[in-house]
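The structure appears right after this line, and notes come after that.
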Amino acid sequence: MAIGPIDNSQRTAAKVAGWSGLLTFAIVVFANFVLLNPLTVPGNAAATSQNIVAHETQFRLTVVCFLTYSLGVVVLLSALYVTLKPVNPGLALVGALSRLIFAFLWLLSTLNMLSVLRLLSNANYLQVFEPDRLQAMAKLHLGANFDDYYVGLPFFGLAATICAYLWFKSNYIPKGLALSGVISSAWCVICAFVFLIFPHFNEIVNDWWFDFPMAVFELVLSFWLLFKGIQIRGQRSEVRGQINE
C-alpha cells in the first residue's frame, strides 16, 4: 500500500511523541532509581517501612512521578496513533490500546504505594494489628508493583512491536532503526510471557535484558523524532528516477 504525503498534524504529533518519549523515560528512571530504590531494603520489611516513614515526602514524590509517567504514556500513545494511523489505522489503534493498558497498570502501582502509606500511618483502627504484621503487609503492597510491571510489560512490548513494524512499513524513519525496534520489542514480549510462566527464567536471562534493548530503541527513536522528524525516504529517490527518465 502506498503511503500518502505527510501532513502537518503527523509532523507535530511526531515531535510530541519525541518529547513525551524522552520525558517519560527520564521520569520513570528518576522515580525508580533515585527516589524509590534507596528506600527499599530487599528482604527486610521493617527497615523498608522505617525508611518510608522517615522519608514520606520522597515516597509521595515517587507516587506523583508514577502518575505523571502514566499521563505521559497516554500523551505518547496518542501522538504515535496520529503519526502512524495513515500507515494502518487498525494496527495503530491496537498499538495505542495496548500501551493504554500498560498505563493503567502503572496507575495500579500508585494505588499500591498509597496503600503502603495507609498501612504505615499509625491510624487508630490499625492498632489491632502488630507492627511487624503491618510492615509485612506494606512490603507486600510495595512488592505488588513488580507484578503490575511484568503483567503490563507484554502489552508495552506488543505496542512497541506494532509501532516499530508501522515505522518500518512507512519509511518515516530509517528502516534499520525500525527493524531493530521490531526485534527488540518482540524479544521483550517473549521474555515477559516466559517469565510469567517460568519465574526462574531470569536466572537464565537476566530480567534487565527483557526490556533493555526495547528501551534503547524507544530512547533513540524519541531523539530521532525530536531532532530529525519524519519523512518518506523512498519517495525522493523514486522522483529523481522519474525525472532522469
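Chains: A, B, ... in order of the C-alpha cells. Residues: from 1 per chain. Ligands: from 1, in order shown.
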Report as JSON lines the residues of range 83-125 of chain A within 7 Å of range 46-67 of chain A, each with its shortest atom pair and distance in Å (one decimal), using only C-alpha atoms, ordered by chain and increasing residue number.
{"residue": "A:Trp106", "atom": "CA", "partner": "A:Phe66", "partner_atom": "CA", "distance": 6.8}
{"residue": "A:Leu107", "atom": "CA", "partner": "A:Leu67", "partner_atom": "CA", "distance": 6.5}
{"residue": "A:Thr110", "atom": "CA", "partner": "A:Val63", "partner_atom": "CA", "distance": 5.5}
{"residue": "A:Met113", "atom": "CA", "partner": "A:Val63", "partner_atom": "CA", "distance": 6.9}
Would you output that residue set with N, CA, C and O atoms, as a PDB file, in the first residue's frame?
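Written file, again.pdb:
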ATOM      1  N   TRP A 106       0.311   0.999  35.518  1.00  0.00           N
ATOM      2  CA  TRP A 106       1.144   1.904  36.307  1.00  0.00           C
ATOM      3  C   TRP A 106       0.302   2.664  37.323  1.00  0.00           C
ATOM      4  O   TRP A 106       0.771   2.982  38.421  1.00  0.00           O
ATOM      5  N   LEU A 107      -0.953   2.937  36.977  1.00  0.00           N
ATOM      6  CA  LEU A 107      -1.849   3.562  37.957  1.00  0.00           C
ATOM      7  C   LEU A 107      -2.101   2.632  39.139  1.00  0.00           C
ATOM      8  O   LEU A 107      -2.231   3.087  40.281  1.00  0.00           O
ATOM      9  N   THR A 110       0.570   3.096  41.669  1.00  0.00           N
ATOM     10  CA  THR A 110       0.388   4.254  42.558  1.00  0.00           C
ATOM     11  C   THR A 110      -0.598   3.935  43.675  1.00  0.00           C
ATOM     12  O   THR A 110      -0.416   4.375  44.816  1.00  0.00           O
ATOM     13  N   MET A 113       1.142   1.952  46.309  1.00  0.00           N
ATOM     14  CA  MET A 113       2.029   2.777  47.126  1.00  0.00           C
ATOM     15  C   MET A 113       1.248   3.615  48.129  1.00  0.00           C
ATOM     16  O   MET A 113       1.692   3.830  49.266  1.00  0.00           O
TER      17      MET A 113
END
Mind checking which residues fall within 9 Å of Leu158 in chain A, counting only C-alpha atoms, ignoring those fewer than 3 positions away in the same chain, and posting them as a PyMOL selection string?
chain A and resi 94-95+98-99+153-155+161-163+185-186+188-189
Output N, CA, C and O atoms for every residue in that selection, as an mmCIF file, in the first residue's frame.
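Output file selection.cif is given in full below:
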data_model
loop_
_atom_site.group_PDB
_atom_site.id
_atom_site.type_symbol
_atom_site.label_atom_id
_atom_site.label_comp_id
_atom_site.auth_asym_id
_atom_site.auth_seq_id
_atom_site.Cartn_x
_atom_site.Cartn_y
_atom_site.Cartn_z
ATOM 1 N N VAL A 94 -4.592 -0.762 17.719
ATOM 2 C CA VAL A 94 -4.209 -1.860 18.615
ATOM 3 C C VAL A 94 -2.975 -1.473 19.428
ATOM 4 O O VAL A 94 -2.903 -1.726 20.632
ATOM 5 N N GLY A 95 -2.010 -0.847 18.764
ATOM 6 C CA GLY A 95 -0.824 -0.398 19.477
ATOM 7 C C GLY A 95 -1.147 0.621 20.551
ATOM 8 O O GLY A 95 -0.620 0.558 21.668
ATOM 9 N N SER A 98 -2.959 -1.126 23.502
ATOM 10 C CA SER A 98 -2.027 -1.953 24.274
ATOM 11 C C SER A 98 -1.192 -1.094 25.214
ATOM 12 O O SER A 98 -0.990 -1.425 26.389
ATOM 13 N N ARG A 99 -0.741 0.055 24.709
ATOM 14 C CA ARG A 99 0.047 0.955 25.556
ATOM 15 C C ARG A 99 -0.830 1.585 26.633
ATOM 16 O O ARG A 99 -0.360 1.898 27.731
ATOM 17 N N LEU A 153 4.136 -5.472 30.994
ATOM 18 C CA LEU A 153 5.231 -5.472 30.040
ATOM 19 C C LEU A 153 4.881 -6.107 28.692
ATOM 20 O O LEU A 153 5.276 -5.570 27.645
ATOM 21 N N PRO A 154 4.137 -7.237 28.653
ATOM 22 C CA PRO A 154 3.778 -7.776 27.339
ATOM 23 C C PRO A 154 2.940 -6.797 26.511
ATOM 24 O O PRO A 154 3.079 -6.753 25.279
ATOM 25 N N PHE A 155 2.084 -6.018 27.172
ATOM 26 C CA PHE A 155 1.274 -5.033 26.449
ATOM 27 C C PHE A 155 2.146 -3.905 25.901
ATOM 28 O O PHE A 155 1.962 -3.458 24.764
ATOM 29 N N THR A 161 6.193 -3.270 19.418
ATOM 30 C CA THR A 161 6.412 -4.111 18.233
ATOM 31 C C THR A 161 5.554 -3.633 17.070
ATOM 32 O O THR A 161 6.027 -3.517 15.926
ATOM 33 N N ILE A 162 4.282 -3.367 17.348
ATOM 34 C CA ILE A 162 3.368 -2.898 16.303
ATOM 35 C C ILE A 162 3.839 -1.563 15.742
ATOM 36 O O ILE A 162 3.882 -1.366 14.519
ATOM 37 N N CYS A 163 4.182 -0.638 16.642
ATOM 38 C CA CYS A 163 4.623 0.678 16.172
ATOM 39 C C CYS A 163 5.912 0.570 15.364
ATOM 40 O O CYS A 163 6.068 1.249 14.340
ATOM 41 N N SER A 185 11.534 -5.339 20.563
ATOM 42 C CA SER A 185 10.225 -5.313 21.214
ATOM 43 C C SER A 185 9.592 -6.695 21.239
ATOM 44 O O SER A 185 8.991 -7.103 22.243
ATOM 45 N N ALA A 186 9.715 -7.446 20.141
ATOM 46 C CA ALA A 186 9.197 -8.817 20.114
ATOM 47 C C ALA A 186 9.933 -9.679 21.134
ATOM 48 O O ALA A 186 9.325 -10.538 21.806
ATOM 49 N N CYS A 188 11.116 -8.661 23.936
ATOM 50 C CA CYS A 188 10.574 -8.285 25.240
ATOM 51 C C CYS A 188 9.264 -9.018 25.525
ATOM 52 O O CYS A 188 9.045 -9.510 26.635
ATOM 53 N N VAL A 189 8.398 -9.079 24.527
ATOM 54 C CA VAL A 189 7.118 -9.782 24.698
ATOM 55 C C VAL A 189 7.360 -11.246 25.033
ATOM 56 O O VAL A 189 6.754 -11.811 25.955
#
List as a count of residues only the protein and nucleic acid residues near Phe217 in chain A, meaning an atom at most 12 Å away when only C-alpha atoms are counted, but skip any in the same chain fewer than 6 places from it.
22
If you count only C-alpha atoms, which residues fall within 8 Å of Met137 in chain A, apart from same-chain ones fewer than 3 positions away, as a count of residues only?
6
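When CA of Phe227 in chain A is paired with CA of Leu93 in chain A, their separation reads 25.5 Å.
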Mind checking DSSP for range 68-188 of chain A and telling me the alpha helix (DSSP H) residues as a ChimeraX atom specification?
/A:68-84,89-119,131-170,175-188
Output for the residues just chosen: C-alpha atoms as a compact mmCIF listing (two decimals), in the first residue's frame:
# COMPACT_ATOMS: atom_id res chain seq x y z
CA THR A 68 2.97 11.76 35.69
CA TYR A 69 4.56 8.85 33.88
CA SER A 70 1.14 7.29 33.26
CA LEU A 71 -0.11 10.60 31.86
CA GLY A 72 2.99 10.87 29.69
CA VAL A 73 2.38 7.39 28.28
CA VAL A 74 -1.16 8.44 27.31
CA VAL A 75 0.24 11.51 25.53
CA LEU A 76 2.84 9.31 23.81
CA LEU A 77 0.36 6.72 22.58
CA SER A 78 -1.96 9.45 21.28
CA ALA A 79 0.88 11.11 19.37
CA LEU A 80 2.05 7.79 17.91
CA TYR A 81 -1.51 6.96 16.86
CA VAL A 82 -1.87 10.25 14.98
CA THR A 83 1.53 9.76 13.33
CA LEU A 84 1.06 6.13 12.29
CA PRO A 89 -5.41 2.54 11.17
CA GLY A 90 -6.25 -0.84 12.68
CA LEU A 91 -2.75 -1.71 13.81
CA ALA A 92 -2.15 1.84 15.05
CA LEU A 93 -5.27 1.53 17.22
CA VAL A 94 -4.21 -1.86 18.61
CA GLY A 95 -0.82 -0.40 19.48
CA ALA A 96 -2.41 2.58 21.21
CA LEU A 97 -4.82 0.42 23.23
CA SER A 98 -2.03 -1.95 24.27
CA ARG A 99 0.05 0.96 25.56
CA LEU A 100 -3.04 2.32 27.33
CA ILE A 101 -3.39 -0.94 29.27
CA PHE A 102 0.23 -0.57 30.34
CA ALA A 103 -0.51 2.98 31.55
CA PHE A 104 -3.47 1.71 33.61
CA LEU A 105 -1.25 -0.88 35.28
CA TRP A 106 1.14 1.90 36.31
CA LEU A 107 -1.85 3.56 37.96
CA LEU A 108 -2.31 0.38 39.98
CA SER A 109 1.26 0.82 41.19
CA THR A 110 0.39 4.25 42.56
CA LEU A 111 -2.60 2.78 44.41
CA ASN A 112 -0.34 0.09 45.90
CA MET A 113 2.03 2.78 47.13
CA LEU A 114 -0.78 4.80 48.69
CA SER A 115 -1.87 1.60 50.44
CA VAL A 116 1.65 1.30 51.85
CA LEU A 117 1.36 4.78 53.34
CA ARG A 118 -2.03 3.95 54.82
CA LEU A 119 -0.69 0.78 56.46
CA PRO A 131 3.65 -3.52 63.93
CA ASP A 132 5.58 -6.32 62.24
CA ARG A 133 2.40 -7.52 60.54
CA LEU A 134 1.66 -4.03 59.24
CA GLN A 135 5.22 -3.76 57.96
CA ALA A 136 4.91 -7.11 56.20
CA MET A 137 1.65 -6.04 54.54
CA ALA A 138 3.25 -2.75 53.50
CA LYS A 139 6.14 -4.66 51.94
CA LEU A 140 3.63 -6.94 50.21
CA HIS A 141 1.82 -3.98 48.62
CA LEU A 142 5.12 -2.45 47.57
CA GLY A 143 6.19 -5.74 46.02
CA ALA A 144 2.97 -5.82 44.01
CA ASN A 145 4.47 -3.07 41.83
CA PHE A 146 6.78 -5.75 40.46
CA ASP A 147 3.76 -7.84 39.43
CA ASP A 148 1.99 -4.83 37.90
CA TYR A 149 5.02 -4.08 35.76
CA TYR A 150 5.55 -7.61 34.46
CA VAL A 151 1.86 -8.07 33.70
CA GLY A 152 1.93 -4.79 31.79
CA LEU A 153 5.23 -5.47 30.04
CA PRO A 154 3.78 -7.78 27.34
CA PHE A 155 1.27 -5.03 26.45
CA PHE A 156 4.00 -2.41 26.26
CA GLY A 157 6.15 -4.77 24.20
CA LEU A 158 3.25 -5.54 21.87
CA ALA A 159 2.56 -1.84 21.37
CA ALA A 160 6.24 -1.17 20.66
CA THR A 161 6.41 -4.11 18.23
CA ILE A 162 3.37 -2.90 16.30
CA CYS A 163 4.62 0.68 16.17
CA ALA A 164 8.09 -0.44 15.07
CA TYR A 165 6.51 -2.52 12.29
CA LEU A 166 4.49 0.51 11.17
CA TRP A 167 7.63 2.65 11.26
CA PHE A 168 9.33 0.05 9.06
CA LYS A 169 6.42 -0.10 6.64
CA SER A 170 6.05 3.68 6.43
CA LYS A 175 14.49 1.01 8.15
CA GLY A 176 17.44 -0.25 10.18
CA LEU A 177 16.20 1.63 13.24
CA ALA A 178 12.65 0.38 12.73
CA LEU A 179 13.82 -3.22 12.27
CA SER A 180 15.83 -3.07 15.49
CA GLY A 181 12.63 -1.91 17.19
CA VAL A 182 10.63 -4.86 15.84
CA ILE A 183 13.24 -7.37 17.03
CA SER A 184 13.91 -5.84 20.46
CA SER A 185 10.22 -5.31 21.21
CA ALA A 186 9.20 -8.82 20.11
CA TRP A 187 12.03 -10.16 22.27
CA CYS A 188 10.57 -8.29 25.24
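Near Leu225 in chain A, within a cut-off of 8 Å and counting only C-alpha atoms, sit the residues Ala14, Lys15, Ala17, Gly18, Leu221, Ser222, Lys228, Gly229 and Ile230 of chain A, with same-chain residues fewer than 3 positions away left out.
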Might you pull out every residue within 10 Å of Gln231 in chain A, with only C-alpha atoms counted and same-chain residues fewer than 5 positions away left off, and present them as an mmCIF file with C-alpha atoms, in the first residue's frame?
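Saved to part.cif:
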data_model
loop_
_atom_site.group_PDB
_atom_site.id
_atom_site.type_symbol
_atom_site.label_atom_id
_atom_site.label_comp_id
_atom_site.auth_asym_id
_atom_site.auth_seq_id
_atom_site.Cartn_x
_atom_site.Cartn_y
_atom_site.Cartn_z
ATOM 1 C CA PRO A 5 2.149 12.527 1.864
ATOM 2 C CA ILE A 6 2.909 13.504 5.444
ATOM 3 C CA ARG A 11 4.795 16.078 11.856
ATOM 4 C CA SER A 170 6.045 3.681 6.433
ATOM 5 C CA ASN A 171 9.674 4.622 5.683
ATOM 6 C CA TYR A 172 9.194 7.605 8.014
ATOM 7 C CA ILE A 173 12.416 6.672 9.843
ATOM 8 C CA PRO A 174 15.451 4.629 8.741
ATOM 9 C CA ARG A 236 12.823 11.199 -3.160
#
